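Data block for work-v8.pdb (PDB, C-alpha atoms):
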ATOM      1  CA  MET A   1     236.333 -87.142 190.445
ATOM      2  CA  GLY A   2     233.684 -85.614 188.207
ATOM      3  CA  TYR A   3     234.332 -82.230 189.787
ATOM      4  CA  VAL A   4     237.973 -82.302 188.645
ATOM      5  CA  VAL A   5     236.923 -83.242 185.102
ATOM      6  CA  ASP A   6     234.363 -80.424 185.103
ATOM      7  CA  GLY A   7     237.121 -77.994 186.071
ATOM      8  CA  GLU A   8     239.284 -79.151 183.178
ATOM      9  CA  ASN A   9     236.348 -78.910 180.754
ATOM     10  CA  SER A  10     235.727 -75.401 182.023
ATOM     11  CA  ASN A  11     239.308 -74.418 181.186
ATOM     12  CA  TYR A  12     239.068 -76.057 177.779
ATOM     13  CA  SER A  13     235.898 -74.162 176.834
ATOM     14  CA  VAL A  14     237.225 -70.615 177.394
ATOM     15  CA  LYS A  15     238.374 -69.953 173.818
ATOM     16  CA  ASN A  16     235.100 -71.326 172.464
ATOM     17  CA  ILE A  17     233.165 -68.990 174.758
ATOM     18  CA  VAL A  18     235.209 -66.040 173.492
ATOM     19  CA  MET A  19     234.437 -66.975 169.873
ATOM     20  CA  PHE A  20     230.759 -67.515 170.710
ATOM     21  CA  LEU A  21     230.410 -64.121 172.443
ATOM     22  CA  LYS A  22     232.105 -62.334 169.553
ATOM     23  CA  ASP A  23     229.892 -64.151 167.050
ATOM     24  CA  VAL A  24     226.700 -63.333 168.935
ATOM     25  CA  GLN A  25     227.571 -59.661 169.080
ATOM     26  CA  GLN A  26     228.916 -59.314 165.552
ATOM     27  CA  LYS A  27     226.555 -61.577 163.637
ATOM     28  CA  THR A  28     223.334 -60.581 165.363
ATOM     29  CA  GLY A  29     224.056 -56.897 165.803
ATOM     30  CA  ALA A  30     222.611 -57.188 169.300
ATOM     31  CA  GLU A  31     222.859 -53.980 171.280
ATOM     32  CA  LYS A  32     222.202 -55.648 174.634
ATOM     33  CA  ILE A  33     223.706 -58.940 175.696
ATOM     34  CA  HIS A  34     223.314 -60.261 179.223
ATOM     35  CA  LEU A  35     225.637 -62.964 180.514
ATOM     36  CA  ILE A  36     224.685 -65.306 183.344
ATOM     37  CA  ALA A  37     226.985 -67.991 184.704
ATOM     38  CA  HIS A  38     226.476 -70.437 187.551
ATOM     39  CA  SER A  39     228.966 -72.124 189.858
ATOM     40  CA  MET A  40     232.023 -73.420 187.994
ATOM     41  CA  GLY A  41     230.695 -71.877 184.794
ATOM     42  CA  ASN A  42     231.787 -68.562 186.282
ATOM     43  CA  ARG A  43     235.404 -69.630 185.876
ATOM     44  CA  ALA A  44     234.988 -70.166 182.144
ATOM     45  CA  LEU A  45     232.975 -66.975 181.691
ATOM     46  CA  THR A  46     235.340 -64.757 183.675
ATOM     47  CA  ASP A  47     238.380 -66.259 181.930
ATOM     48  CA  ALA A  48     236.689 -65.533 178.594
ATOM     49  CA  LEU A  49     235.926 -61.975 179.691
ATOM     50  CA  MET A  50     239.541 -61.461 180.720
ATOM     51  CA  LEU A  51     240.664 -62.598 177.252
ATOM     52  CA  LEU A  52     238.152 -60.230 175.660
ATOM     53  CA  HIS A  53     239.442 -57.444 177.910
ATOM     54  CA  GLN A  54     243.005 -58.196 176.825
ATOM     55  CA  GLU A  55     241.850 -57.916 173.186
ATOM     56  CA  GLU A  56     240.154 -54.600 174.120
ATOM     57  CA  PHE A  57     236.749 -55.882 172.992
ATOM     58  CA  HIS A  58     235.195 -53.638 175.665
ATOM     59  CA  LYS A  59     236.288 -50.569 173.709
ATOM     60  CA  THR A  60     233.829 -51.440 170.946
ATOM     61  CA  PHE A  61     231.107 -53.306 172.869
ATOM     62  CA  LEU A  62     229.946 -53.529 176.483
ATOM     63  CA  PHE A  63     227.833 -56.396 177.718
ATOM     64  CA  ASN A  64     224.735 -55.070 179.437
ATOM     65  CA  GLN A  65     224.638 -57.278 182.546
ATOM     66  CA  ILE A  66     227.116 -59.840 183.811
ATOM     67  CA  ILE A  67     225.535 -62.014 186.488
ATOM     68  CA  LEU A  68     227.734 -64.349 188.501
ATOM     69  CA  ALA A  69     225.487 -66.772 190.403
ATOM     70  CA  ALA A  70     227.121 -68.814 193.180
ATOM     71  CA  PRO A  71     230.569 -68.333 191.642
ATOM     72  CA  ASP A  72     232.956 -71.188 192.382
ATOM     73  CA  ILE A  73     236.063 -69.036 192.019
ATOM     74  CA  ASP A  74     238.867 -68.372 194.500
ATOM     75  CA  ALA A  75     237.888 -65.095 196.190
ATOM     76  CA  GLN A  76     241.410 -63.643 196.415
ATOM     77  CA  LEU A  77     242.148 -64.472 192.783
ATOM     78  CA  PHE A  78     238.864 -62.829 191.824
ATOM     79  CA  LEU A  79     239.699 -59.662 193.778
ATOM     80  CA  ARG A  80     243.223 -59.349 192.442
ATOM     81  CA  ASP A  81     243.027 -60.544 188.827
ATOM     82  CA  ILE A  82     239.463 -60.904 187.609
ATOM     83  CA  ALA A  83     237.275 -58.132 189.043
ATOM     84  CA  PRO A  84     239.396 -55.210 187.811
ATOM     85  CA  LYS A  85     239.065 -56.477 184.242
ATOM     86  CA  ILE A  86     235.476 -57.683 184.058
ATOM     87  CA  ILE A  87     234.136 -54.449 185.563
ATOM     88  CA  ASN A  88     235.219 -52.748 182.342
ATOM     89  CA  CYS A  89     233.388 -55.283 180.147
ATOM     90  CA  SER A  90     229.856 -54.499 181.282
ATOM     91  CA  GLY A  91     227.372 -51.868 182.306
ATOM     92  CA  ARG A  92     226.847 -53.781 185.551
ATOM     93  CA  VAL A  93     228.296 -56.831 187.273
ATOM     94  CA  THR A  94     226.250 -58.626 189.932
ATOM     95  CA  ILE A  95     227.310 -61.451 192.236
ATOM     96  CA  TYR A  96     224.758 -63.639 194.026
ATOM     97  CA  ALA A  97     226.224 -65.335 197.104
ATOM     98  CA  SER A  98     224.876 -67.379 200.008
ATOM     99  CA  SER A  99     225.990 -68.688 203.376
ATOM    100  CA  LYS A 100     223.779 -71.760 202.831
ATOM    101  CA  ASP A 101     225.555 -73.004 199.708
ATOM    102  CA  LYS A 102     226.765 -76.490 200.647
ATOM    103  CA  ALA A 103     228.339 -77.178 197.247
ATOM    104  CA  LEU A 104     230.650 -74.193 197.660
ATOM    105  CA  LYS A 105     231.549 -75.347 201.181
ATOM    106  CA  VAL A 106     232.776 -78.610 199.663
ATOM    107  CA  SER A 107     234.597 -76.720 196.903
ATOM    108  CA  LYS A 108     236.346 -74.598 199.514
ATOM    109  CA  LYS A 109     237.659 -77.753 201.198
ATOM    110  CA  LEU A 110     238.760 -79.223 197.857
ATOM    111  CA  HIS A 111     240.678 -76.021 197.113
ATOM    112  CA  GLY A 112     242.795 -75.952 200.264
ATOM    113  CA  ASN A 113     240.254 -74.025 202.326
ATOM    114  CA  LEU A 114     240.296 -71.008 199.986
ATOM    115  CA  ASN A 115     237.119 -68.933 200.136
ATOM    116  CA  ARG A 116     234.863 -69.007 197.084
ATOM    117  CA  VAL A 117     233.311 -65.817 195.649
ATOM    118  CA  GLY A 118     229.766 -67.155 195.968
ATOM    119  CA  GLN A 119     230.173 -68.378 199.519
ATOM    120  CA  ILE A 120     229.543 -66.179 202.513
ATOM    121  CA  THR A 121     231.600 -67.227 205.508
ATOM    122  CA  ASP A 122     232.452 -64.778 208.279
ATOM    123  CA  GLN A 123     232.096 -61.920 205.802
ATOM    124  CA  ILE A 124     230.761 -61.284 202.325
ATOM    125  CA  LEU A 125     232.971 -60.336 199.401
ATOM    126  CA  THR A 126     232.435 -56.706 198.445
ATOM    127  CA  ILE A 127     234.102 -54.993 195.517
ATOM    128  CA  LYS A 128     233.681 -51.393 194.443
ATOM    129  CA  GLY A 129     231.838 -51.348 191.120
ATOM    130  CA  ILE A 130     230.241 -54.774 191.582
ATOM    131  CA  ASP A 131     226.841 -55.348 193.200
ATOM    132  CA  THR A 132     227.040 -58.224 195.664
ATOM    133  CA  ILE A 133     223.689 -59.699 196.685
ATOM    134  CA  ASP A 134     223.342 -61.891 199.785
ATOM    135  CA  ALA A 135     220.793 -64.568 198.911
ATOM    136  CA  SER A 136     221.171 -66.457 202.200
ATOM    137  CA  LYS A 137     217.643 -65.659 203.385
ATOM    138  CA  VAL A 138     216.005 -66.973 200.239
ATOM    139  CA  ARG A 139     214.503 -70.440 200.645
ATOM    140  CA  THR A 140     216.260 -72.983 198.505
ATOM    141  CA  ASP A 141     216.786 -76.698 198.020
ATOM    142  CA  LEU A 142     218.765 -78.933 200.351
ATOM    143  CA  LEU A 143     222.098 -78.280 198.610
ATOM    144  CA  GLY A 144     221.488 -74.523 198.534
ATOM    145  CA  HIS A 145     223.385 -74.133 195.276
ATOM    146  CA  GLY A 146     220.779 -73.676 192.517
ATOM    147  CA  TYR A 147     218.909 -70.861 194.223
ATOM    148  CA  PHE A 148     219.394 -68.336 191.422
ATOM    149  CA  SER A 149     217.194 -70.308 189.020
ATOM    150  CA  SER A 150     214.775 -72.069 191.332
ATOM    151  CA  THR A 151     213.430 -69.442 193.703
ATOM    152  CA  ALA A 152     210.898 -66.769 192.837
ATOM    153  CA  PRO A 153     212.667 -63.858 194.595
ATOM    154  CA  LEU A 154     215.889 -64.443 192.664
ATOM    155  CA  ILE A 155     214.180 -65.056 189.353
ATOM    156  CA  GLN A 156     212.235 -61.817 189.820
ATOM    157  CA  ASP A 157     215.374 -59.945 190.839
ATOM    158  CA  ILE A 158     217.288 -61.141 187.781
ATOM    159  CA  PHE A 159     214.285 -60.252 185.608
ATOM    160  CA  HIS A 160     214.212 -56.654 186.911
ATOM    161  CA  LEU A 161     217.979 -56.415 186.572
ATOM    162  CA  THR A 162     218.072 -57.581 182.956
ATOM    163  CA  LYS A 163     214.753 -56.234 181.671
ATOM    164  CA  ASN A 164     214.815 -52.795 183.288
ATOM    165  CA  ASN A 165     218.476 -52.337 184.302
ATOM    166  CA  LEU A 166     217.368 -51.532 187.847
ATOM    167  CA  SER A 167     219.934 -50.953 190.576
ATOM    168  CA  PRO A 168     219.745 -53.053 193.772
ATOM    169  CA  GLN A 169     218.080 -50.141 195.552
ATOM    170  CA  GLU A 170     215.449 -49.857 192.803
ATOM    171  CA  ARG A 171     214.852 -53.621 193.143
ATOM    172  CA  ASN A 172     213.927 -53.126 196.832
ATOM    173  CA  LEU A 173     216.966 -54.923 198.191
ATOM    174  CA  LYS A 174     218.217 -54.007 201.629
ATOM    175  CA  LYS A 175     221.422 -51.941 201.671
ATOM    176  CA  ILE A 176     224.024 -53.153 204.163
ATOM    177  CA  GLN A 177     227.154 -51.112 204.813
ATOM    178  CA  THR A 178     230.038 -52.825 206.603
ATOM    179  CA  ASP A 179     233.648 -51.922 207.330
ATOM    180  CA  ASN A 180     234.562 -54.093 204.334
ATOM    181  CA  GLY A 181     232.142 -52.379 201.954
ATOM    182  CA  LEU A 182     228.574 -52.220 200.722
ATOM    183  CA  TYR A 183     226.388 -55.165 199.761
ATOM    184  CA  TRP A 184     222.697 -55.899 199.320
ATOM    185  CA  ALA A 185     220.355 -58.511 200.747
ATOM    186  CA  PHE A 186     216.854 -59.757 200.178
ATOM    187  CA  ASN A 187     214.376 -58.415 202.698
ATOM    188  CA  ASP A 188     212.947 -60.769 205.324
TER     189      ASP A 188
END

Output the file's structure as structure tokens, nothing else.
Amino acid sequence: MGYVVDGENSNYSVKNIVMFLKDVQQKTGAEKIHLIAHSMGNRALTDALMLLHQEEFHKTFLFNQIILAAPDIDAQLFLRDIAPKIINCSGRVTIYASSKDKALKVSKKLHGNLNRVGQITDQILTIKGIDTIDASKVRTDLLGHGYFSSTAPLIQDIFHLTKNNLSPQERNLKKIQTDNGLYWAFND
């Protein structure tokens, strides 16, 4: 039941996130702002970014990096409605996904068996203009959901992404080309 409440709280927080992001940019004069969301927090962040896109905020300011870690978002909804808008809000958008994420497996079941963006099933979600990183080979905890903040390879990767704006290739990730598109993976 807590999961349902969290989803509602996520929806409720979107307008506050929009105001917060505008305030940070306008009141601090920051030239670089990186955004990182995890799991269900990706819903609130991407909804906020879509509102900012609608207001044409991206015409005056681009976020430097948008990092979507283990996004608990419907994959088809993301492809159709979200990705085309958030790509324009940032210099780079990166998704971290894993086939070992048990929390997203449960979420998929709770959502009528709809694939989640951060979950790798028979294939990985690839989108032109977004770097998708397969983190399945990175050792993680039993649940496999907090890998982005608890494993050295991911912490280092996010550091190089945000600090130096390095591409996946420059971060020594393995390039994998499939019929569905290009994605990146951590080396063995």

Practice prompt. Please work out which residues fall within 10 Å of (240.7, -59.9, 185.7), coordinates as given in the file, with all atoms listed in the file counting, and return them as number ranges by chain.
Written response: A: 46-51, 53-54, 77-88

Practice prompt. Return as a ChimeraX atom specification the set of residues that the PyMOL selection byres ((chain A and resi 109-113) around 10) yields on the displayed structure.
Written response: /A:3-4,73-74,104-108,114-116

Discussion item. Using only C-alpha atoms, can you tell me which of A:Ser39, A:Gln177, A:Gln123, A:Gln76 comes closest to Ile95 in chain A?
Written reply: A:Ser39

Worksheet item: Hey, what comes out of the PyMOL selection byres ((chain A and resi 43) around 9) on this file? Could you write it as a VMD selection string?
Response: chain A and resid 7 10 to 11 14 37 39 to 42 44 to 48 71 to 73

Discussion item. Quick check on the file I pasted: which residues fall under the PyMOL selection byres ((chain A and resi 30-32) around 9)? Write them as a list in words.
Written reply: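 Evaluating the PyMOL selection byres ((chain A and resi 30-32) around 9) on this file yields Val24, Gln25, Gln26, Lys27, Thr28, Gly29, Ile33, His34, Phe61, Leu62, Phe63, Asn64 and Gln65 of chain A.
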
Worksheet item: Residues at most 12 Å from Lys174 in chain A, counting only C-alpha atoms, excluding those fewer than 4 positions away in the same chain, as a VMD selection string?
Response: chain A and resid 132 to 135 137 167 to 170 182 to 188

Discussion item. Excluding Lys128 in chain A and its own-chain neighbours fewer than 2 positions away, which residues fall within 9 Å of it when counting only C-alpha atoms? Please give them as a list in words.
Written reply: Thr126, Ile130, Asp131, Gly181 and Leu182 of chain A

Worksheet entry | Near-Leu52 in chain A list (9 Å; only C-alpha atoms; drop same-chain fewer than 5 positions) as a PyMOL selection string | chain A and resi 18+22+47+57-58+89

Worksheet item: Which distance in Å separates CA of Asp101 in chain A and CA of Gln119 in chain A, to one decimal?
Response: 6.5 Å
